[in-house]
>>> print(open('run_27.cif').read())   # mmCIF, C-alpha atoms
data_model
loop_
_atom_site.label_atom_id
_atom_site.label_comp_id
_atom_site.auth_asym_id
_atom_site.auth_seq_id
_atom_site.Cartn_x
_atom_site.Cartn_y
_atom_site.Cartn_z
CA MET A 23 0.00 0.00 0.00
CA VAL A 24 2.77 2.36 0.93
CA GLY A 25 4.58 1.56 -2.32
CA ASP A 26 1.41 2.15 -4.33
CA GLY A 27 1.00 5.52 -2.60
CA LEU A 28 4.55 6.61 -3.49
CA GLN A 29 4.12 5.57 -7.10
CA GLY A 30 0.85 7.52 -7.26
CA LYS A 31 2.61 10.64 -5.96
CA ARG A 32 5.40 10.22 -8.52
CA ARG A 33 2.83 9.94 -11.32
CA LEU A 34 1.01 13.01 -10.01
CA VAL A 35 4.24 15.04 -9.89
CA ALA A 36 5.22 13.89 -13.39
CA VAL A 37 1.81 14.78 -14.82
CA THR A 38 1.85 18.14 -13.04
CA ASP A 39 5.32 19.00 -14.37
CA GLU A 40 4.29 17.95 -17.87
CA ASP A 41 1.13 20.07 -17.66
CA ARG A 42 3.11 23.10 -16.57
CA ILE A 43 5.41 22.80 -19.57
CA SER A 44 2.63 21.92 -21.99
CA ASN A 45 0.41 24.78 -20.88
CA LEU A 46 2.99 27.48 -21.36
CA PRO A 47 1.85 30.34 -23.61
CA GLU A 48 2.91 29.79 -27.20
CA HIS A 49 5.24 32.78 -27.28
CA LEU A 50 7.15 31.34 -24.29
CA MET A 51 7.42 27.94 -25.96
CA ASP A 52 8.84 29.63 -29.07
CA SER A 53 11.20 31.67 -26.92
CA ILE A 54 12.54 28.48 -25.29
CA LEU A 55 13.12 26.85 -28.67
CA GLU A 56 15.06 29.87 -29.92
CA ARG A 57 17.42 29.69 -26.93
CA VAL A 58 18.50 26.06 -27.17
CA PRO A 59 20.67 24.35 -29.80
CA LEU A 60 18.67 23.08 -32.78
CA GLU A 61 19.36 19.46 -31.87
CA GLU A 62 17.77 20.01 -28.44
CA ALA A 63 14.87 21.90 -29.98
CA VAL A 64 14.02 18.86 -32.12
CA ARG A 65 14.05 16.64 -29.01
CA THR A 66 11.30 18.73 -27.37
CA SER A 67 8.83 16.78 -29.55
CA ILE A 68 8.78 14.06 -26.88
CA ILE A 69 7.52 16.38 -24.11
CA SER A 70 3.85 16.33 -25.07
CA LYS A 71 1.44 16.66 -27.98
CA LYS A 72 1.62 20.44 -27.78
CA TRP A 73 5.40 20.32 -28.20
CA ARG A 74 5.38 17.67 -30.92
CA TYR A 75 6.86 19.09 -34.12
CA ARG A 76 6.58 22.60 -32.75
CA TRP A 77 10.23 23.04 -33.73
CA THR A 78 9.17 22.74 -37.38
CA LYS A 79 7.67 26.24 -37.11
CA MET A 80 10.83 27.85 -35.68
CA THR A 81 11.68 31.07 -37.50
CA ALA A 82 15.39 30.74 -36.65
CA LEU A 83 17.56 27.80 -37.77
CA VAL A 84 21.18 27.84 -36.57
CA PHE A 85 23.59 25.14 -37.74
CA ASP A 86 26.69 26.55 -36.05
CA GLU A 87 30.26 25.24 -35.92
CA GLN A 88 29.51 23.04 -32.93
CA PHE A 89 26.67 21.43 -34.87
CA SER A 90 28.79 20.90 -37.99
CA LYS A 91 31.68 19.36 -36.06
CA LYS A 92 29.35 16.79 -34.55
CA PHE A 93 27.83 15.61 -37.82
CA ALA A 94 30.67 16.24 -40.28
CA LYS A 95 32.57 13.28 -38.84
CA ASN A 96 29.78 11.08 -40.29
CA GLY A 97 30.43 12.42 -43.79
CA ALA A 98 28.13 14.46 -45.98
CA PHE A 99 25.44 11.85 -46.50
CA GLY A 100 24.35 8.67 -44.79
CA GLY A 101 22.01 8.29 -41.83
CA ASN A 102 23.56 11.03 -39.70
CA GLY A 103 25.63 12.82 -42.33
CA PHE A 104 25.94 16.60 -42.23
CA ILE A 105 24.00 17.23 -45.45
CA THR A 106 21.39 14.57 -44.66
CA ILE A 107 20.54 16.02 -41.26
CA ILE A 108 20.08 19.54 -42.62
CA ASN A 109 18.00 18.26 -45.54
CA LYS A 110 15.68 16.53 -43.07
CA VAL A 111 15.28 19.66 -41.00
CA MET A 112 14.49 21.71 -44.10
CA PHE A 113 12.04 19.07 -45.35
CA PHE A 114 10.01 19.03 -42.13
CA HIS A 115 10.06 22.78 -41.63
CA LYS A 116 6.85 24.76 -42.05
CA GLY A 117 6.38 28.48 -42.36
CA PRO A 118 8.84 31.36 -42.75
CA ILE A 119 12.53 31.18 -41.85
CA LEU A 120 13.63 34.64 -40.76
CA LYS A 121 17.08 33.67 -39.50
CA PHE A 122 19.39 31.06 -41.04
CA HIS A 123 22.99 30.57 -39.88
CA ILE A 124 25.13 27.73 -41.18
CA HIS A 125 28.78 26.68 -40.84
CA ILE A 126 29.91 24.51 -43.77
CA PRO A 127 32.82 22.41 -42.47
CA ASN A 128 35.96 21.47 -44.36
CA MET A 129 34.84 18.07 -45.57
CA PHE A 130 34.58 16.25 -48.88
CA LEU A 131 31.77 17.60 -51.05
CA ASP A 132 31.24 16.65 -54.69
CA SER A 133 29.41 19.94 -55.20
CA PHE A 134 27.49 22.64 -53.38
CA GLU A 135 24.22 21.54 -54.98
CA GLU A 136 22.49 21.04 -51.62
CA VAL A 137 23.67 24.44 -50.41
CA ASP A 138 22.18 25.97 -53.56
CA GLN A 139 18.85 24.30 -52.76
CA TRP A 140 18.90 25.62 -49.19
CA VAL A 141 19.48 29.16 -50.42
CA LEU A 142 16.69 28.74 -52.98
CA PHE A 143 14.37 27.54 -50.20
CA LEU A 144 15.32 30.54 -48.06
CA SER A 145 14.68 32.99 -50.90
CA ARG A 146 11.07 31.77 -50.91
CA ASN A 147 10.61 31.89 -47.13
CA GLY A 148 11.30 35.50 -46.20
CA VAL A 149 14.80 35.16 -44.71
CA ASN A 150 16.14 38.46 -43.35
CA ASP A 151 19.20 37.27 -41.37
CA LEU A 152 21.58 35.00 -43.30
CA LEU A 153 25.05 33.80 -42.28
CA LEU A 154 26.96 31.44 -44.55
CA ASN A 155 30.27 30.56 -42.89
CA ASN A 156 32.09 28.40 -45.40
CA ALA A 157 35.24 26.56 -44.26
CA ASN A 158 35.29 24.39 -47.40
CA ARG A 159 36.65 25.30 -50.83
CA ARG A 160 35.36 28.54 -52.30
CA TYR A 161 31.62 28.50 -52.98
CA GLU A 162 30.20 30.31 -56.00
CA LEU A 163 27.05 32.06 -54.93
CA ARG A 164 24.07 31.29 -57.14
CA SER A 165 21.56 33.89 -58.24
CA TYR A 166 19.08 32.66 -55.60
CA LEU A 167 20.86 34.65 -52.91
CA PHE A 168 20.32 37.91 -54.76
CA TYR A 169 16.57 37.35 -54.73
CA CYS A 170 16.51 37.36 -50.92
CA LEU A 171 15.41 40.97 -51.04
CA GLU A 172 14.05 41.01 -47.49
CA LEU A 173 17.55 40.57 -46.02
CA THR A 174 18.50 42.99 -43.25
CA MET A 175 21.67 41.13 -42.16
CA LEU A 176 24.04 39.18 -44.42
CA GLU A 177 27.39 37.55 -43.61
CA LEU A 178 29.37 35.52 -46.16
CA HIS A 179 32.68 33.68 -45.87
CA LYS A 180 34.82 32.21 -48.66
CA CYS A 181 32.54 32.72 -51.63
CA CYS A 182 32.60 34.04 -55.19
CA PHE A 183 30.34 37.08 -55.51
CA LYS A 184 28.66 36.96 -58.94
CA PRO A 185 25.24 38.64 -58.93
CA PRO A 186 22.94 38.41 -61.96
CA LEU A 187 23.00 41.33 -64.40
CA GLU A 188 19.60 42.61 -63.28
CA PHE A 189 20.62 42.77 -59.61
CA GLU A 190 20.64 46.38 -58.35
CA GLY A 191 21.15 45.92 -54.62
CA PHE A 192 19.62 44.88 -51.30
CA LEU A 193 17.22 47.66 -50.42
CA ASN A 194 16.60 46.51 -46.82
CA LEU A 195 20.10 45.39 -45.84
CA GLU A 196 21.38 47.03 -42.63
CA LYS A 197 24.45 44.94 -41.80
CA LEU A 198 26.87 43.32 -44.27
CA ARG A 199 30.04 41.34 -43.46
CA LEU A 200 32.14 39.83 -46.26
CA GLU A 201 35.23 37.74 -45.53
CA ASP A 202 37.52 36.02 -48.06
CA ILE A 203 35.22 36.93 -50.93
CA ASP A 204 36.37 37.06 -54.55
CA PHE A 205 34.46 39.70 -56.48
CA GLY A 206 35.97 38.62 -59.78
CA ALA A 207 36.20 40.83 -62.85
CA SER A 208 32.65 40.54 -64.16
CA LEU A 209 31.01 43.32 -62.14
CA CYS A 210 32.43 45.97 -64.47
CA GLY A 211 31.86 48.85 -62.09
CA THR A 212 28.18 48.11 -61.53
CA LYS A 213 26.93 50.13 -58.57
CA PHE A 214 24.82 48.31 -55.99
CA ASN A 215 22.33 50.29 -53.98
CA LEU A 216 22.32 49.61 -50.23
CA PRO A 217 20.23 52.53 -48.94
CA GLN A 218 19.67 51.13 -45.41
CA LEU A 219 23.19 49.80 -44.81
CA LYS A 220 24.62 50.93 -41.46
CA LYS A 221 27.43 48.44 -40.76
CA PHE A 222 29.82 47.12 -43.41
CA SER A 223 32.88 44.88 -42.89
CA VAL A 224 35.10 43.66 -45.74
CA LEU A 225 37.97 41.37 -44.68
CA LYS A 226 40.68 39.66 -46.72
CA CYS A 227 38.73 39.96 -49.97
CA THR A 228 40.11 40.05 -53.51
CA ASN A 229 39.14 42.21 -56.50
CA VAL A 230 37.37 44.56 -54.11
CA TYR A 231 37.80 47.44 -56.55
CA ASN A 232 35.00 45.84 -58.59
CA PHE A 233 32.55 46.04 -55.68
CA ASN A 234 30.99 49.48 -56.07
CA ILE A 235 28.30 50.27 -53.52
CA LYS A 236 26.14 53.25 -52.71
CA ALA A 237 25.48 53.37 -48.96
CA THR A 238 24.65 56.91 -47.91
CA ARG A 239 23.57 55.87 -44.39
CA LEU A 240 26.69 53.87 -43.54
CA GLN A 241 27.75 54.38 -39.92
CA GLU A 242 30.45 51.74 -39.29
CA LEU A 243 33.11 50.69 -41.78
CA ILE A 244 35.74 47.97 -41.24
CA VAL A 245 38.29 47.29 -43.99
CA TYR A 246 41.01 44.73 -43.26
CA ALA A 247 43.60 43.36 -45.68
CA CYS A 248 41.82 44.71 -48.75
CA PRO A 249 44.41 47.04 -50.32
CA ASP A 250 42.49 47.42 -53.56
CA ALA A 251 39.32 48.63 -51.85
CA MET A 252 38.23 51.96 -53.34
CA LEU A 253 38.05 53.72 -50.01
CA LEU A 254 36.73 57.02 -51.23
CA ARG A 255 33.68 55.17 -52.52
CA LEU A 256 33.19 53.43 -49.19
CA LEU A 257 33.70 56.64 -47.24
CA ASP A 258 31.02 58.40 -49.26
CA SER A 259 28.68 58.67 -46.29
CA ARG A 260 28.23 61.67 -44.06
CA CYS A 261 26.95 59.36 -41.29
CA LEU A 262 30.20 57.43 -40.67
CA PHE A 263 31.20 57.56 -37.02
CA LEU A 264 33.41 54.42 -36.75
CA VAL A 265 36.18 53.58 -39.22
CA PHE A 266 38.71 50.70 -38.99
CA ILE A 267 41.27 50.41 -41.79
CA ALA A 268 44.28 48.10 -41.68
CA PHE A 269 46.54 46.35 -44.19
CA GLU A 270 48.54 43.16 -43.69
CA LYS A 271 51.62 44.17 -45.66
CA PRO A 272 53.23 47.22 -47.29
CA LEU A 273 51.28 48.63 -50.23
CA GLU A 274 54.17 48.49 -52.66
CA ASP A 275 53.38 44.77 -52.97
CA PHE A 276 50.08 45.63 -54.67
CA VAL A 277 49.51 46.93 -58.18
CA ARG A 278 45.99 48.36 -57.93
CA VAL A 279 45.88 50.99 -55.18
CA GLU A 280 43.61 54.01 -55.08
CA LYS A 281 45.52 57.30 -55.06
CA MET A 282 44.54 59.28 -52.00
CA ASN A 283 46.08 61.36 -49.23
CA LEU A 284 45.22 62.04 -45.63
CA ALA A 285 43.46 65.32 -46.35
CA THR A 286 41.17 63.92 -49.05
CA MET A 287 40.21 60.94 -46.93
CA LEU A 288 39.49 62.88 -43.75
CA SER A 289 37.48 65.47 -45.63
CA ASN A 290 34.83 62.75 -46.08
CA LEU A 291 34.70 61.97 -42.36
CA SER A 292 32.84 64.90 -40.88
CA LYS A 293 31.18 62.77 -38.16
CA VAL A 294 33.77 60.12 -37.36
CA GLU A 295 34.18 59.54 -33.61
CA TYR A 296 36.13 56.25 -33.57
CA PHE A 297 39.12 55.74 -35.86
CA TYR A 298 41.35 52.64 -35.97
CA ILE A 299 44.43 52.70 -38.21
CA ASN A 300 47.57 50.55 -38.52
CA SER A 301 51.11 51.35 -39.63
CA TYR A 302 50.85 49.93 -43.16
CA PHE A 303 47.80 52.02 -43.90
CA LEU A 304 49.37 55.06 -42.27
CA LYS A 305 52.41 54.75 -44.56
CA PHE A 306 49.98 54.71 -47.47
CA PHE A 307 49.57 58.46 -46.98
CA ILE A 308 53.28 59.21 -46.81
CA THR A 309 53.70 59.72 -50.55
CA LYS A 310 54.40 63.40 -50.01
CA LYS A 311 55.02 65.72 -47.10
CA ILE A 312 52.24 65.66 -44.53
CA PRO A 313 50.98 69.14 -43.60
CA LYS A 314 50.94 70.30 -40.00
CA LEU A 315 47.37 71.51 -40.29
CA LEU A 316 44.65 70.13 -42.52
CA SER A 317 42.23 72.41 -44.32
CA ARG A 318 39.59 71.27 -41.85
CA ALA A 319 40.11 69.82 -38.38
CA ILE A 320 38.67 66.40 -37.47
CA SER A 321 36.45 67.97 -34.82
CA SER A 322 34.22 64.94 -34.33
CA LEU A 323 37.07 62.49 -33.54
CA LYS A 324 37.06 61.38 -29.89
CA HIS A 325 38.66 57.91 -29.85
CA LEU A 326 41.83 57.11 -31.83
CA TRP A 327 43.70 53.79 -32.10
CA PHE A 328 47.16 53.43 -33.70
CA LEU A 329 47.96 49.73 -34.20
CA GLY A 330 51.46 48.42 -34.83
CA ILE A 331 52.91 51.92 -35.10
CA GLN A 332 56.67 52.47 -35.18
CA LEU A 333 57.39 55.78 -33.48
CA GLY A 334 61.04 55.52 -34.50
CA ASP A 335 59.97 55.86 -38.15
CA LEU A 336 59.98 59.61 -38.80
CA ASP A 337 57.31 59.38 -41.51
CA GLN A 338 54.91 57.46 -39.28
CA LEU A 339 55.65 59.83 -36.42
CA HIS A 340 54.74 62.84 -38.61
CA ALA A 341 51.43 61.17 -39.52
CA VAL A 342 50.64 60.40 -35.86
CA LEU A 343 51.38 63.99 -34.83
CA CYS A 344 49.24 65.26 -37.72
CA PHE A 345 46.27 63.29 -36.37
CA LEU A 346 46.83 64.64 -32.84
CA ARG A 347 47.31 68.20 -34.01
CA ASN A 348 44.08 68.13 -36.04
CA SER A 349 41.85 66.37 -33.50
CA PRO A 350 40.88 69.13 -31.03
CA ASN A 351 38.23 67.02 -29.27
CA LEU A 352 40.20 63.79 -28.88
CA GLU A 353 39.37 62.10 -25.56
CA LYS A 354 41.03 58.68 -25.74
CA LEU A 355 44.26 57.57 -27.44
CA PHE A 356 45.46 53.96 -27.78
CA VAL A 357 48.92 53.19 -29.21
CA ARG A 358 50.15 49.67 -29.83
CA HIS A 359 53.82 50.23 -30.54
CA PHE A 360 56.12 47.96 -32.55
CA ASP A 361 59.78 48.76 -32.03
CA MET A 362 62.06 49.39 -34.99
CA GLU A 363 64.62 46.85 -36.15
CA PRO A 364 68.04 47.38 -34.49
CA ARG A 365 69.69 48.49 -37.74
CA VAL A 366 67.19 51.31 -38.32
CA ASP A 367 68.34 54.78 -37.24
CA VAL A 368 65.80 56.24 -34.81
CA GLY A 369 67.85 59.38 -34.34
CA PRO A 370 65.78 61.63 -36.68
CA ALA A 371 62.52 60.66 -34.92
CA SER A 372 64.08 61.23 -31.49
CA GLY A 373 65.46 64.57 -32.61
CA HIS A 374 62.05 65.67 -33.89
CA LEU A 375 60.34 64.67 -30.63
CA GLU A 376 62.88 66.77 -28.71
CA SER A 377 62.36 69.85 -30.88
CA PRO A 378 60.41 72.68 -29.16
CA ASN A 379 57.64 72.91 -31.81
CA CYS A 380 57.17 69.17 -32.27
CA LEU A 381 53.45 69.07 -31.45
CA ASP A 382 52.77 72.81 -31.37
CA SER A 383 49.24 72.39 -29.95
CA THR A 384 47.47 71.41 -26.75
CA LEU A 385 45.35 68.27 -26.42
CA ASP A 386 42.75 69.98 -24.27
CA GLN A 387 40.19 67.16 -24.21
CA LEU A 388 42.50 64.14 -23.96
CA LYS A 389 41.62 62.20 -20.80
CA ILE A 390 42.79 58.60 -21.32
CA VAL A 391 45.94 57.22 -22.96
CA GLU A 392 47.04 53.60 -23.24
CA MET A 393 50.31 52.44 -24.79
CA THR A 394 51.18 48.75 -25.12
CA CYS A 395 54.14 46.62 -26.26
CA LEU A 396 56.69 49.17 -25.03
CA LYS A 397 60.38 48.27 -25.12
CA GLY A 398 61.69 51.46 -23.57
CA SER A 399 63.24 52.96 -26.72
CA LYS A 400 64.06 56.65 -26.79
CA PRO A 401 61.25 57.57 -29.27
CA GLU A 402 58.72 55.76 -27.06
CA LEU A 403 59.77 57.57 -23.90
CA LEU A 404 59.93 60.95 -25.62
CA PHE A 405 56.44 60.42 -27.06
CA ILE A 406 55.06 59.63 -23.58
CA LYS A 407 56.77 62.74 -22.24
CA LEU A 408 55.25 64.82 -25.05
CA LEU A 409 51.71 63.60 -24.35
CA LEU A 410 52.02 64.25 -20.61
CA ALA A 411 53.24 67.79 -21.25
CA HIS A 412 50.42 68.65 -23.72
CA SER A 413 47.36 67.11 -22.05
CA PRO A 414 45.97 69.40 -19.30
CA SER A 415 42.79 67.30 -18.86
CA LEU A 416 44.55 63.93 -18.68
CA GLN A 417 43.17 61.56 -16.03
CA LYS A 418 44.71 58.16 -16.74
CA PHE A 419 47.84 57.10 -18.60
CA THR A 420 48.44 53.31 -18.81
CA ILE A 421 51.59 51.66 -20.16
CA LYS A 422 52.18 47.96 -20.78
CA PRO A 423 55.72 46.79 -21.60
CA SER A 424 56.49 44.22 -24.26
CA ARG A 425 56.40 40.56 -23.24
CA ALA A 426 60.00 40.32 -24.43
CA SER A 427 61.22 42.80 -21.81
CA ASP A 428 62.61 41.47 -18.52
CA VAL A 429 61.64 42.60 -15.02
CA GLN A 430 64.54 45.07 -14.74
CA LYS A 431 63.64 46.71 -18.05
CA ARG A 432 60.01 47.10 -16.98
CA TYR A 433 61.16 48.69 -13.73
CA ASP A 434 63.43 51.11 -15.60
CA ILE A 435 60.59 52.16 -17.94
CA ALA A 436 58.20 52.74 -15.03
CA LYS A 437 60.80 54.66 -13.05
CA GLU A 438 61.57 57.02 -15.93
CA VAL A 439 57.99 57.81 -17.00
CA MET A 440 56.95 58.47 -13.42
CA GLN A 441 59.43 61.36 -13.33
CA PHE A 442 58.07 63.10 -16.45
CA PRO A 443 56.30 66.44 -15.77
CA ARG A 444 52.53 66.48 -16.29
CA ALA A 445 50.30 69.29 -17.49
CA SER A 446 47.38 67.74 -15.57
CA ALA A 447 47.45 67.60 -11.78
CA LYS A 448 44.86 64.79 -11.94
CA ALA A 449 46.86 62.55 -14.27
CA LYS A 450 47.59 59.10 -12.84
CA MET A 451 50.19 56.75 -14.31
CA PHE A 452 49.60 52.98 -14.35
CA CYS A 453 52.40 50.58 -15.26
CA LEU A 454 50.83 47.18 -15.84
CA ASP A 455 52.29 43.77 -16.63
CA PRO A 456 52.51 42.74 -20.31
CA GLU A 457 49.46 41.19 -21.90
CA PRO A 458 49.51 37.37 -21.77
#
>>> encode(input="run_27.cif", output="structure tokens")
Amino acid sequence: MVGDGLQGKRRLVAVTDEDRISNLPEHLMDSILERVPLEEAVRTSIISKKWRYRWTKMTALVFDEQFSKKFAKNGAFGGNGFITIINKVMFFHKGPILKFHIHIPNMFLDSFEEVDQWVLFLSRNGVNDLLLNNANRRYELRSYLFYCLELTMLELHKCCFKPPLEFEGFLNLEKLRLEDIDFGASLCGTKFNLPQLKKFSVLKCTNVYNFNIKATRLQELIVYACPDAMLLRLLDSRCLFLVFIAFEKPLEDFVRVEKMNLATMLSNLSKVEYFYINSYFLKFFITKKIPKLLSRAISSLKHLWFLGIQLGDLDQLHAVLCFLRNSPNLEKLFVRHFDMEPRVDVGPASGHLESPNCLDSTLDQLKIVEMTCLKGSKPELLFIKLLLAHSPSLQKFTIKPSRASDVQKRYDIAKEVMQFPRASAKAKMFCLDPEP
């Protein structure tokens, strides 16, 4: 009797728990499905009749890298093969798919025929958020993608970008990220209209000069390792407030490079607040003497990052000082310094930093400075001294030595910079350990 009573209580608890889950409002059930991996979402079919096949109406399908790693080991096809599993999910699905993210693993594929069919299916089901992360050989995008006109977010990796002749642009696209894309030579200067685009990233792409876009509302631009990008086209937006531009190697290694100087580029950036720039791109502007003052100051600039800069290189130093001199409202400065090779003469740069009119302006709004990878060279120390002497509003100055420096060297750097005079009575110096 006692045993029967316990079993009855267990059944009652089980039924009660099931009822609680089954009687959840539909929007909560959908919210739960969206927050668990797709594999777990499919398994919810066993909970109750109300949950059975509810996953087939999910508006978001995410086959991420974790998913692909699990099924790619079974091959493309077969019972639990990567392609087979996704085909089954797509076959059972009902209703619109608003979000579709997929990681295509590096595995043997005869063709991308199935991927083409997935994109075709999406073009007919209202997708507005599409991520195609391809780790396989380069995938040639079919025309189906360019009929997904409801897209608001698009991210593509390792593809060939060949739109049909009648394609004019994505009119609803707000965010676009392109990595390792080959734009080929067939675009012939065709301009694509992206009137709602706000964020655009182009990384390690080839033949970028053929990708001509009109994006008058662009707010954030990231260009990395794309030396043939026609930057003046991309900067043709009066709304840009964040710009990141970096190259992987010196520009003399590239044939097709847009002719441009610092003044012409910055004249397009009337609202930029965040600017990231590396040494190779900075040297791009050093084709002729850099002026002390530009025709128009970069009044909107508040946060400035110099990445991989060599302060011992006089040309780079002139460019850095030009930015500082023409940024009257700069609030934060980050410098990641790479020391010069031992055989390079840093004397001219050191001499310029010691000259009385080196900066010839006051950084009235500068509050925070961070310099990393310091080795304690003379140009580095003189640059720190210069900033401290010209920043009356400075609050925090952080330095991080190079990992290659020993404990004694770090102590010597800290000891010397602590003795530099400061224009700001509130300025605090922080000497931190190197980054791991």
>>> atom_distance(input="run_27.cif", atom1="CA of Asn158 (chain A)", atom2="CA of Leu83 (chain A)")
20.5 Å
>>> axis_aligned_box(input="run_27.cif", around="region 100-114 of chain A", padding_each_side="4 Å", output="AutoDock Vina command-line options")
--center_x 18.0 --center_y 15.0 --center_z -42.6 --size_x 23.9 --size_y 21.4 --size_z 13.8
>>> resolve_selection(input="run_27.cif", expression="the PyMOL selection byres ((chain A and resi 426) around 10)", output="PyMOL selection string")
chain A and resi 395-397+423-425+427-429+431+456
>>> atom_distance(input="run_27.cif", atom1="CA of Lys91 (chain A)", atom2="CA of His123 (chain A)")
14.7 Å
>>> closest_residue(input="run_27.cif", among="A:Leu163, A:Val265, A:Ile244, A:Cys227", to="Lys197 (chain A)", atoms="only C-alpha atoms")
A:Ile244
>>> atom_distance(input="run_27.cif", atom1="CA of Phe130 (chain A)", atom2="CA of Gly100 (chain A)")
13.4 Å
>>> residues_around(input="run_27.cif", residues="region 368-378 of chain A", least_positions_apart="6", cutoff="8 Å", atoms="all atoms listed in the file", output="number ranges by chain")
A: 333-336, 339, 362, 400-401, 404-405, 408
>>> residues_around(input="run_27.cif", residues="Leu193 (chain A)", least_positions_apart="2", cutoff="10 Å", atoms="only C-alpha atoms", output="PyMOL selection string")
chain A and resi 171-174+190-191+195-196+214-219
>>> residues_near_point(input="run_27.cif", point="(22.9, 25.4, -56.7)", cutoff="9 Å", atoms="only C-alpha atoms", output="VMD selection string")
chain A and resid 133 to 142 162 to 166
>>> residues_near_point(input="run_27.cif", point="(50.0, 67.5, -33.8)", cutoff="12 Å", atoms="only C-alpha atoms", output="ChimeraX atom specification")
/A:312-316,319-320,339-350,352,375,379-385,405,408-409,412
>>> resolve_selection(input="run_27.cif", expression="the PyMOL selection byres ((chain A and resi 85) around 7)", output="list in words")
Leu83, Val84, Asp86, Glu87, Phe89, Ser90, His123, Ile124 and His125 of chain A
>>> residues_around(input="run_27.cif", residues="region 103-113 of chain A", least_positions_apart="2", cutoff="8 Å", atoms="only C-alpha atoms", output="list in words")
Thr78, Ser90, Phe93, Ala94, Lys95, Asn96, Gly97, Ala98, Phe99, Gly100, Gly101, His115, Glu136 and Trp140 of chain A
>>> resolve_selection(input="run_27.cif", expression="the PyMOL selection byres ((chain A and resi 213) around 12)", output="mmCIF file with C-alpha atoms, in the frame of the given file")
data_model
loop_
_atom_site.group_PDB
_atom_site.id
_atom_site.type_symbol
_atom_site.label_atom_id
_atom_site.label_comp_id
_atom_site.auth_asym_id
_atom_site.auth_seq_id
_atom_site.Cartn_x
_atom_site.Cartn_y
_atom_site.Cartn_z
ATOM 1 C CA PRO A 185 25.240 38.640 -58.930
ATOM 2 C CA LEU A 187 23.000 41.330 -64.400
ATOM 3 C CA GLU A 188 19.600 42.610 -63.280
ATOM 4 C CA PHE A 189 20.620 42.770 -59.610
ATOM 5 C CA GLU A 190 20.640 46.380 -58.350
ATOM 6 C CA GLY A 191 21.150 45.920 -54.620
ATOM 7 C CA PHE A 192 19.620 44.880 -51.300
ATOM 8 C CA LEU A 209 31.010 43.320 -62.140
ATOM 9 C CA CYS A 210 32.430 45.970 -64.470
ATOM 10 C CA GLY A 211 31.860 48.850 -62.090
ATOM 11 C CA THR A 212 28.180 48.110 -61.530
ATOM 12 C CA PHE A 214 24.820 48.310 -55.990
ATOM 13 C CA ASN A 215 22.330 50.290 -53.980
ATOM 14 C CA LEU A 216 22.320 49.610 -50.230
ATOM 15 C CA PRO A 217 20.230 52.530 -48.940
ATOM 16 C CA TYR A 231 37.800 47.440 -56.550
ATOM 17 C CA ASN A 232 35.000 45.840 -58.590
ATOM 18 C CA PHE A 233 32.550 46.040 -55.680
ATOM 19 C CA ASN A 234 30.990 49.480 -56.070
ATOM 20 C CA ILE A 235 28.300 50.270 -53.520
ATOM 21 C CA LYS A 236 26.140 53.250 -52.710
ATOM 22 C CA ALA A 237 25.480 53.370 -48.960
ATOM 23 C CA ARG A 255 33.680 55.170 -52.520
ATOM 24 C CA LEU A 256 33.190 53.430 -49.190
#
